[in-house]
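**Student:** Data: work07.cif, mmCIF, C-alpha atoms.
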data_target
#
loop_
_atom_site.label_atom_id
_atom_site.label_comp_id
_atom_site.auth_asym_id
_atom_site.auth_seq_id
_atom_site.Cartn_x
_atom_site.Cartn_y
_atom_site.Cartn_z
CA MET Y 1 -93.29 -16.88 116.60
CA ILE Y 2 -93.60 -18.68 113.25
CA ILE Y 3 -91.80 -21.83 114.41
CA PRO Y 4 -93.90 -22.37 117.59
CA LEU Y 5 -97.08 -21.73 115.61
CA GLY Y 6 -95.99 -24.21 112.95
CA VAL Y 7 -95.17 -26.84 115.58
CA TYR Y 8 -98.54 -26.27 117.24
CA LEU Y 9 -100.47 -26.68 114.00
CA ALA Y 10 -98.40 -29.73 113.05
CA SER Y 11 -99.43 -31.39 116.31
CA TYR Y 12 -102.99 -31.39 114.94
CA TRP Y 13 -102.09 -33.16 111.70
CA ALA Y 14 -104.23 -36.20 112.62
CA TRP Y 15 -107.18 -33.92 113.35
CA PHE Y 16 -106.74 -32.03 110.09
CA THR Y 17 -106.67 -35.27 108.06
CA SER Y 18 -109.62 -36.78 109.93
CA GLU Y 19 -113.18 -36.78 108.69
CA THR Y 20 -114.64 -37.61 112.09
CA GLY Y 21 -112.56 -35.42 114.43
CA VAL Y 22 -114.55 -33.34 116.93
CA ASP Y 23 -115.61 -30.08 115.22
CA ARG Y 24 -113.35 -30.91 112.25
CA HIS Y 25 -116.03 -29.62 109.86
CA ALA Y 26 -117.52 -26.95 112.10
CA VAL Y 27 -117.48 -24.44 109.23
CA GLY Y 28 -120.72 -24.94 107.34
CA ASN Y 29 -122.30 -26.86 110.20
CA GLU Y 30 -121.87 -25.21 113.61
CA ILE Y 31 -120.69 -21.88 112.15
CA GLY Y 32 -121.41 -20.16 108.85
CA GLU Y 33 -119.12 -20.23 105.84
CA GLY Y 34 -119.26 -16.47 105.23
CA GLY Y 35 -118.51 -13.52 107.44
CA THR Y 36 -115.53 -11.38 108.35
CA TRP Y 37 -113.14 -14.32 108.68
CA SER Y 38 -114.25 -16.22 105.60
CA PHE Y 39 -110.85 -15.62 103.96
CA ILE Y 40 -109.24 -17.95 106.52
CA PRO Y 41 -109.18 -21.63 105.42
CA SER Y 42 -112.10 -23.60 106.80
CA ALA Y 43 -109.80 -26.08 108.54
CA LEU Y 44 -108.16 -23.32 110.59
CA ARG Y 45 -111.50 -21.74 111.43
CA SER Y 46 -112.80 -25.12 112.57
CA LEU Y 47 -109.70 -25.55 114.74
CA TRP Y 48 -110.31 -22.13 116.29
CA TYR Y 49 -113.93 -23.10 116.99
CA TYR Y 50 -112.87 -26.43 118.48
CA SER Y 51 -110.23 -24.76 120.67
CA GLY Y 52 -112.83 -22.28 121.92
CA ASN Y 53 -115.12 -25.13 122.94
CA VAL Y 54 -112.25 -26.85 124.76
CA LEU Y 55 -111.41 -23.63 126.62
CA GLN Y 56 -115.06 -23.07 127.57
CA PHE Y 57 -115.42 -26.63 128.86
CA HIS Y 58 -112.30 -26.52 131.00
CA ALA Y 59 -113.04 -23.02 132.29
CA GLY Y 60 -116.21 -24.41 133.86
CA LEU Y 61 -114.60 -27.59 135.17
CA THR Y 62 -114.01 -26.18 138.64
CA ASN Y 63 -114.11 -27.60 142.16
CA SER Y 64 -116.43 -24.83 143.33
CA ALA Y 65 -118.95 -25.96 140.71
CA GLY Y 66 -118.97 -29.42 142.26
CA ASN Y 67 -116.57 -31.09 139.84
CA HIS Y 68 -114.26 -33.51 141.62
CA HIS Y 69 -112.14 -36.46 140.52
CA PRO Y 70 -110.49 -39.04 142.79
CA TRP Y 71 -107.13 -38.61 141.04
CA GLU Y 72 -107.02 -34.86 140.66
CA SER Y 73 -104.10 -32.97 142.16
CA LYS Y 74 -102.87 -29.43 142.68
CA PRO Y 75 -99.65 -27.95 141.30
CA TRP Y 76 -97.78 -27.89 144.62
CA THR Y 77 -97.76 -31.72 144.48
CA TRP Y 78 -96.33 -31.91 140.94
CA PRO Y 79 -92.60 -31.18 141.42
CA MET Y 80 -92.23 -34.31 143.55
CA GLY Y 81 -95.04 -36.29 141.91
CA LEU Y 82 -96.89 -36.73 145.18
CA ARG Y 83 -100.25 -37.46 143.54
CA PRO Y 84 -99.91 -39.59 140.39
CA MET Y 85 -102.69 -40.47 137.96
CA LEU Y 86 -104.22 -43.94 137.65
CA TYR Y 87 -105.22 -44.51 134.03
CA TYR Y 88 -106.19 -48.16 134.13
CA TYR Y 89 -106.76 -50.89 136.69
CA ALA Y 90 -108.12 -54.42 136.24
CA ASP Y 91 -108.36 -57.47 138.44
CA GLY Y 92 -110.50 -60.58 138.72
CA GLU Y 93 -110.61 -63.81 136.77
CA GLN Y 94 -109.92 -62.14 133.42
CA VAL Y 95 -106.45 -61.04 134.58
CA THR Y 96 -103.87 -63.83 134.53
CA GLY Y 97 -100.18 -64.33 133.89
CA CYS Y 98 -98.57 -63.31 137.17
CA GLY Y 99 -98.02 -66.84 138.44
CA ALA Y 100 -100.45 -66.48 141.34
CA ALA Y 101 -104.10 -67.27 142.02
CA SER Y 102 -105.11 -63.64 141.47
CA CYS Y 103 -103.47 -60.92 139.39
CA VAL Y 104 -103.92 -57.24 138.69
CA LYS Y 105 -102.96 -54.91 135.87
CA ALA Y 106 -102.49 -51.18 136.21
CA VAL Y 107 -101.25 -48.20 134.24
CA MET Y 108 -100.23 -45.38 136.53
CA LEU Y 109 -98.68 -42.11 135.46
CA ILE Y 110 -95.93 -41.68 137.99
CA GLY Y 111 -92.55 -40.03 137.91
CA THR Y 112 -89.46 -41.99 138.89
CA PRO Y 113 -88.99 -41.00 142.56
CA ALA Y 114 -85.19 -41.14 142.30
CA MET Y 115 -85.51 -38.04 140.13
CA TRP Y 116 -88.79 -36.34 141.00
CA TRP Y 117 -88.25 -36.51 144.76
CA LEU Y 118 -85.01 -34.57 144.30
CA ALA Y 119 -86.59 -31.90 142.09
CA LEU Y 120 -86.81 -29.30 144.87
CA PRO Y 121 -83.12 -29.57 145.88
CA MET Y 122 -82.22 -29.39 142.18
CA LEU Y 123 -84.32 -26.24 141.75
CA ALA Y 124 -82.76 -24.69 144.87
CA TRP Y 125 -79.30 -25.34 143.43
CA ALA Y 126 -80.41 -23.90 140.10
CA ILE Y 127 -81.66 -20.73 141.79
CA TRP Y 128 -78.35 -20.33 143.63
CA GLN Y 129 -76.34 -20.89 140.46
CA THR Y 130 -78.51 -18.43 138.55
CA PHE Y 131 -78.52 -15.52 140.98
CA VAL Y 132 -75.19 -15.99 142.75
CA ARG Y 133 -72.96 -17.59 140.11
CA ARG Y 134 -74.77 -15.94 137.16
CA ASP Y 135 -74.86 -19.22 135.23
CA TRP Y 136 -77.08 -18.64 132.19
CA ARG Y 137 -77.60 -22.38 131.67
CA TYR Y 138 -79.44 -22.73 134.96
CA ALA Y 139 -81.35 -19.53 134.17
CA VAL Y 140 -82.69 -21.14 130.98
CA VAL Y 141 -83.80 -24.21 132.92
CA LEU Y 142 -85.55 -22.11 135.57
CA THR Y 143 -87.26 -19.97 132.94
CA GLY Y 144 -88.65 -22.98 131.10
CA TYR Y 145 -89.65 -24.76 134.29
CA GLY Y 146 -91.31 -21.67 135.71
CA ALA Y 147 -93.18 -20.92 132.47
CA ALA Y 148 -94.62 -24.45 132.46
CA TYR Y 149 -95.41 -24.49 136.18
CA LEU Y 150 -96.23 -21.13 137.75
CA PRO Y 151 -99.27 -20.17 135.58
CA TRP Y 152 -101.23 -23.07 137.07
CA PHE Y 153 -101.35 -21.26 140.43
CA ALA Y 154 -103.56 -18.58 138.86
CA THR Y 155 -106.50 -21.00 138.42
CA LEU Y 156 -106.37 -23.25 141.47
CA ASP Y 157 -110.15 -23.76 141.53
CA ARG Y 158 -110.20 -25.78 138.32
CA GLN Y 159 -109.65 -29.51 138.12
CA MET Y 160 -105.99 -30.38 137.63
CA TYR Y 161 -104.07 -33.59 137.17
CA TYR Y 162 -100.48 -34.75 137.36
CA PHE Y 163 -100.25 -35.20 133.60
CA TYR Y 164 -100.20 -31.41 133.28
CA ALA Y 165 -96.71 -31.63 134.79
CA VAL Y 166 -95.40 -33.35 131.67
CA ALA Y 167 -94.15 -29.97 130.46
CA LEU Y 168 -91.91 -29.78 133.54
CA ALA Y 169 -90.09 -33.01 132.77
CA PRO Y 170 -87.70 -31.78 130.02
CA PHE Y 171 -86.51 -28.85 132.12
CA MET Y 172 -86.20 -31.04 135.21
CA VAL Y 173 -84.01 -33.48 133.26
CA MET Y 174 -81.88 -30.62 131.92
CA GLY Y 175 -81.52 -29.30 135.45
CA PHE Y 176 -80.33 -32.68 136.70
CA ALA Y 177 -77.90 -32.92 133.79
CA LEU Y 178 -76.36 -29.61 134.85
CA VAL Y 179 -76.19 -30.67 138.49
CA LEU Y 180 -74.54 -33.97 137.57
CA GLY Y 181 -72.05 -32.00 135.50
CA ASP Y 182 -71.18 -30.01 138.61
CA VAL Y 183 -70.84 -33.21 140.62
CA LEU Y 184 -68.60 -34.69 137.95
CA GLY Y 185 -66.30 -31.67 138.16
CA LYS Y 186 -64.51 -29.50 135.68
CA ALA Y 187 -62.18 -30.95 133.07
CA SER Y 188 -59.34 -29.11 134.76
CA ALA Y 189 -60.01 -30.77 138.14
CA SER Y 190 -57.64 -33.35 139.58
CA VAL Y 191 -57.90 -36.99 138.59
CA GLU Y 192 -59.06 -37.90 142.09
CA ARG Y 193 -61.80 -35.26 141.99
CA ARG Y 194 -63.01 -36.37 138.57
CA THR Y 195 -62.92 -40.06 139.54
CA THR Y 196 -64.93 -39.44 142.68
CA GLY Y 197 -67.39 -37.32 140.75
CA LEU Y 198 -67.77 -39.95 138.04
CA LEU Y 199 -68.42 -42.62 140.65
CA ALA Y 200 -71.13 -40.51 142.30
CA VAL Y 201 -72.78 -39.70 138.96
CA SER Y 202 -72.68 -43.33 137.83
CA LEU Y 203 -74.20 -44.57 141.08
CA TYR Y 204 -77.01 -42.03 140.86
CA ILE Y 205 -77.82 -42.82 137.23
CA GLY Y 206 -77.82 -46.52 138.10
CA LEU Y 207 -80.27 -45.79 140.92
CA VAL Y 208 -82.59 -43.90 138.54
CA VAL Y 209 -82.53 -46.74 136.00
CA ALA Y 210 -83.16 -49.36 138.69
CA ASN Y 211 -86.05 -47.32 140.10
CA PHE Y 212 -87.60 -46.99 136.64
CA VAL Y 213 -87.25 -50.73 135.98
CA TYR Y 214 -88.94 -51.45 139.31
CA LEU Y 215 -91.90 -49.26 138.34
CA TRP Y 216 -92.13 -50.69 134.82
CA PRO Y 217 -94.94 -53.21 135.65
CA ILE Y 218 -97.31 -50.46 136.81
CA LEU Y 219 -96.38 -48.21 133.90
CA THR Y 220 -97.23 -50.83 131.27
CA ALA Y 221 -100.07 -52.93 132.74
CA MET Y 222 -97.96 -56.03 133.27
CA PRO Y 223 -99.82 -58.70 135.29
CA ILE Y 224 -98.58 -58.65 138.88
CA THR Y 225 -99.85 -59.97 142.18
CA PRO Y 226 -102.03 -57.79 144.41
CA GLU Y 227 -99.20 -57.82 146.96
CA SER Y 228 -96.76 -56.51 144.35
CA TRP Y 229 -99.25 -53.79 143.39
CA GLN Y 230 -99.48 -52.64 146.99
CA ASN Y 231 -95.69 -52.73 147.33
CA HIS Y 232 -95.39 -50.34 144.40
CA LEU Y 233 -97.62 -47.77 146.13
CA TRP Y 234 -94.98 -46.19 148.34
CA LEU Y 235 -96.99 -43.23 149.62
CA PRO Y 236 -100.58 -42.98 150.94
CA SER Y 237 -101.19 -40.29 148.30
CA TRP Y 238 -100.38 -42.84 145.58
CA LYS Y 239 -103.46 -44.88 146.51
#
Give the structure from this file in structure tokens form.
**Tutor:**
Amino acid sequence: MIIPLGVYLASYWAWFTSETGVDRHAVGNEIGEGGTWSFIPSALRSLWYYSGNVLQFHAGLTNSAGNHHPWESKPWTWPMGLRPMLYYYADGEQVTGCGAASCVKAVMLIGTPAMWWLALPMLAWAIWQTFVRRDWRYAVVLTGYGAAYLPWFATLDRQMYYFYAVALAPFMVMGFALVLGDVLGKASASVERRTTGLLAVSLYIGLVVANFVYLWPILTAMPITPESWQNHLWLPSWK
């Protein structure tokens, strides 16, 4: 309990050291300095006040209240990254450098399809390994993945975006690492089995790297042609 709390508070170090952070000096301004909780440092009380405001804002940011965003998504699209998030897009005369008459720049949050599109088969394998083979390693991955994913289904009315799936990524990667270990084979396996497994693992990792390199221009706002931009949008839901 102490370590997670410490990590959480440390993530706010920039806010704590700021003089202009939102609600950084709420104590003495928005809320009084005295009272039952006056023994708690003002910085922590201000953080509590700020967190309460954030929770209140997002609790009311619901679809039923008329709040909609063109790039919002629901959690059932996250495992495969079916609805990414467009952070930035620019075109026109001010965008140059692609070697063509017109150029565009874009920053899109999108998972590498070579991994994310295989997330469901990986999870199915993890479930089988956990409940049939009793492999505790897969159980850890499923627990972390489920803890980061399943609670979102309890509040489906609120606005949601693909960047909330960032917490899934570490457990997805660990799951793939375990699966690739199974493909590679045990150390006691025959040389032929290990060689075949190593070839399969190497080819897959090469595919993932190549896929990531291909997406690099739309991850980093590199100037590209409009045709290249459209070619990067593989699915209708990516547009």
**Student:** Using all atoms listed in the file, determine which residues lie at most 8 Å from stretch 114-119 of chain Y, disregarding the query and same-chain residues fewer than 2 positions distant; provide the list as an mmCIF file with C-alpha atoms, in the coordinates of the input.
**Tutor:**
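As a result, result.cif now contains:
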data_model
loop_
_atom_site.group_PDB
_atom_site.id
_atom_site.type_symbol
_atom_site.label_atom_id
_atom_site.label_comp_id
_atom_site.auth_asym_id
_atom_site.auth_seq_id
_atom_site.Cartn_x
_atom_site.Cartn_y
_atom_site.Cartn_z
ATOM 1 C CA PRO Y 79 -92.600 -31.180 141.420
ATOM 2 C CA MET Y 80 -92.230 -34.310 143.550
ATOM 3 C CA GLY Y 81 -95.040 -36.290 141.910
ATOM 4 C CA GLY Y 111 -92.550 -40.030 137.910
ATOM 5 C CA THR Y 112 -89.460 -41.990 138.890
ATOM 6 C CA PRO Y 121 -83.120 -29.570 145.880
ATOM 7 C CA MET Y 122 -82.220 -29.390 142.180
ATOM 8 C CA LEU Y 123 -84.320 -26.240 141.750
ATOM 9 C CA MET Y 172 -86.200 -31.040 135.210
ATOM 10 C CA LEU Y 207 -80.270 -45.790 140.920
ATOM 11 C CA VAL Y 208 -82.590 -43.900 138.540
ATOM 12 C CA ASN Y 211 -86.050 -47.320 140.100
#
**Student:** Looking at Y:Ser18, Y:Ser237, Y:Ser11, Y:Thr220, which one is nearest to Y:Tyr87, with distances taken over all atoms listed in the file?
**Tutor:**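 Using all atoms listed in the file, the shortest distance to Y:Tyr87 belongs to Y:Thr220.
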**Student:** Given the file shown, determine the residues that the PyMOL selection byres ((chain Y and resi 228) around 12) selects; report them as an NGL selection string.
**Tutor:** :Y and (98-100 or 102-106 or 214-215 or 217-218 or 222-227 or 229-234)
**Student:** Quick one, how far is atom CA of Y:Val141 from atom CA of Y:Pro75?
**Tutor:**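 Distance between the two atoms: 18.3 Å.
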**Student:** Evaluate the PyMOL selection byres ((chain Y and resi 25) around 12) and record the selected residues as a compact mmCIF listing (two decimals) with C-alpha atoms, in the frame of the given file, following the chain and residue labels used in the document.
**Tutor:**
# COMPACT_ATOMS: atom_id res chain seq x y z
CA TRP Y 15 -107.18 -33.92 113.35
CA PHE Y 16 -106.74 -32.03 110.09
CA THR Y 17 -106.67 -35.27 108.06
CA SER Y 18 -109.62 -36.78 109.93
CA GLU Y 19 -113.18 -36.78 108.69
CA THR Y 20 -114.64 -37.61 112.09
CA GLY Y 21 -112.56 -35.42 114.43
CA VAL Y 22 -114.55 -33.34 116.93
CA ASP Y 23 -115.61 -30.08 115.22
CA ARG Y 24 -113.35 -30.91 112.25
CA ALA Y 26 -117.52 -26.95 112.10
CA VAL Y 27 -117.48 -24.44 109.23
CA GLY Y 28 -120.72 -24.94 107.34
CA ASN Y 29 -122.30 -26.86 110.20
CA GLU Y 30 -121.87 -25.21 113.61
CA ILE Y 31 -120.69 -21.88 112.15
CA GLY Y 32 -121.41 -20.16 108.85
CA GLU Y 33 -119.12 -20.23 105.84
CA PRO Y 41 -109.18 -21.63 105.42
CA SER Y 42 -112.10 -23.60 106.80
CA ALA Y 43 -109.80 -26.08 108.54
CA LEU Y 44 -108.16 -23.32 110.59
CA ARG Y 45 -111.50 -21.74 111.43
CA SER Y 46 -112.80 -25.12 112.57
CA LEU Y 47 -109.70 -25.55 114.74
CA TRP Y 48 -110.31 -22.13 116.29
CA TYR Y 49 -113.93 -23.10 116.99
CA TYR Y 50 -112.87 -26.43 118.48
**Student:** Could you tell me which of Y:Ala154, Y:Leu109, Y:Val95, Y:Leu178 comes closest to Y:Val166 if we count all atoms listed in the file?
**Tutor:**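 Answer, going by the shortest atom-to-atom distance: Y:Leu109.
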**Student:** Counting all atoms listed in the file, figure out which residue out of Y:Ser73, Y:Gly144, Y:Ala221, Y:Phe163 gets nearest to Y:Tyr88.
**Tutor:** Y:Ala221
**Student:** Mind pulling up the distance from atom CA of Y:Trp71 to atom CA of Y:Met85?
**Tutor:**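 Atom CA of Y:Met85 sits 5.7 Å away from atom CA of Y:Trp71.
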**Student:** Nearest to Y:Leu55: which of Y:Arg158, Y:Leu198, Y:Ala126, Y:Trp216 is it, counting all atoms listed in the file?
**Tutor:**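 Once distances to Y:Leu55 are computed over all atoms listed in the file, the minimum belongs to Y:Arg158.
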**Student:** Give me the residues within 7 Å of Y:Leu168 as a list in words, counting only C-alpha atoms and dropping any in the same chain fewer than 6 places off.
**Tutor:**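 My list of contacting residues is Tyr145, Ala148 and Tyr149 of chain Y.
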**Student:** For atom CA of Y:Gly197 and atom CA of Y:Val183, determine how far apart the two atoms are, in Å to one decimal place.
**Tutor:**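 So the answer is 5.4 Å.
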**Student:** Of the candidates Y:Val201, Y:Val107, Y:Leu156, Y:Val173, which shows the shortest atom-to-atom distance to Y:Ala59, using only C-alpha atoms?
**Tutor:**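 Of Y:Val201, Y:Val107, Y:Leu156, Y:Val173, the one nearest Y:Ala59 is Y:Leu156, counting only C-alpha atoms.
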**Student:** So, counting all atoms listed in the file, which residue among Y:Phe57, Y:Phe171, Y:Ser202, Y:Ser51 is closest to Y:Tyr12?
**Tutor:**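 Looking only at the distances to Y:Tyr12, the closest residue turns out to be Y:Ser51.
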**Student:** Starting from the block above, write stretch 77-122 of chain Y out to a file with C-alpha atoms, as an mmCIF file, in the first residue's frame, please.
**Tutor:**
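Printed below is part_38.cif as written:
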data_model
loop_
_atom_site.group_PDB
_atom_site.id
_atom_site.type_symbol
_atom_site.label_atom_id
_atom_site.label_comp_id
_atom_site.auth_asym_id
_atom_site.auth_seq_id
_atom_site.Cartn_x
_atom_site.Cartn_y
_atom_site.Cartn_z
ATOM 1 C CA THR Y 77 -12.615 -1.594 -29.256
ATOM 2 C CA TRP Y 78 -9.456 -1.188 -27.148
ATOM 3 C CA PRO Y 79 -7.895 -4.687 -27.146
ATOM 4 C CA MET Y 80 -7.426 -4.517 -30.921
ATOM 5 C CA GLY Y 81 -7.077 -0.727 -31.145
ATOM 6 C CA LEU Y 82 -10.009 -0.412 -33.523
ATOM 7 C CA ARG Y 83 -10.621 3.276 -32.783
ATOM 8 C CA PRO Y 84 -7.373 5.225 -32.318
ATOM 9 C CA MET Y 85 -7.063 8.841 -31.199
ATOM 10 C CA LEU Y 86 -6.034 11.693 -33.492
ATOM 11 C CA TYR Y 87 -4.082 14.246 -31.464
ATOM 12 C CA TYR Y 88 -2.888 16.553 -34.208
ATOM 13 C CA TYR Y 89 -3.450 17.134 -37.903
ATOM 14 C CA ALA Y 90 -2.202 19.930 -40.160
ATOM 15 C CA ASP Y 91 -2.189 20.526 -43.887
ATOM 16 C CA GLY Y 92 -2.064 23.462 -46.265
ATOM 17 C CA GLU Y 93 0.713 25.757 -47.383
ATOM 18 C CA GLN Y 94 2.381 25.874 -43.970
ATOM 19 C CA VAL Y 95 3.170 22.140 -44.117
ATOM 20 C CA THR Y 96 6.138 21.303 -46.334
ATOM 21 C CA GLY Y 97 8.996 18.825 -46.513
ATOM 22 C CA CYS Y 98 7.387 15.740 -48.013
ATOM 23 C CA GLY Y 99 8.699 16.297 -51.519
ATOM 24 C CA ALA Y 100 5.253 16.878 -53.021
ATOM 25 C CA ALA Y 101 3.052 19.863 -53.841
ATOM 26 C CA SER Y 102 0.971 19.330 -50.702
ATOM 27 C CA CYS Y 103 1.870 17.705 -47.391
ATOM 28 C CA VAL Y 104 0.195 16.763 -44.145
ATOM 29 C CA LYS Y 105 1.350 16.158 -40.600
ATOM 30 C CA ALA Y 106 -0.461 14.037 -38.058
ATOM 31 C CA VAL Y 107 0.014 12.578 -34.608
ATOM 32 C CA MET Y 108 -2.238 9.590 -34.073
ATOM 33 C CA LEU Y 109 -2.289 7.375 -31.017
ATOM 34 C CA ILE Y 110 -2.443 3.938 -32.534
ATOM 35 C CA GLY Y 111 -1.216 0.549 -31.450
ATOM 36 C CA THR Y 112 1.000 -1.479 -33.755
ATOM 37 C CA PRO Y 113 -1.516 -3.806 -35.466
ATOM 38 C CA ALA Y 114 0.993 -6.679 -35.628
ATOM 39 C CA MET Y 115 0.590 -6.862 -31.855
ATOM 40 C CA TRP Y 116 -2.765 -5.338 -30.962
ATOM 41 C CA TRP Y 117 -4.705 -7.255 -33.607
ATOM 42 C CA LEU Y 118 -3.468 -10.492 -32.049
ATOM 43 C CA ALA Y 119 -4.370 -9.468 -28.494
ATOM 44 C CA LEU Y 120 -7.544 -11.568 -28.369
ATOM 45 C CA PRO Y 121 -5.841 -14.823 -29.462
ATOM 46 C CA MET Y 122 -3.087 -14.085 -26.945
#
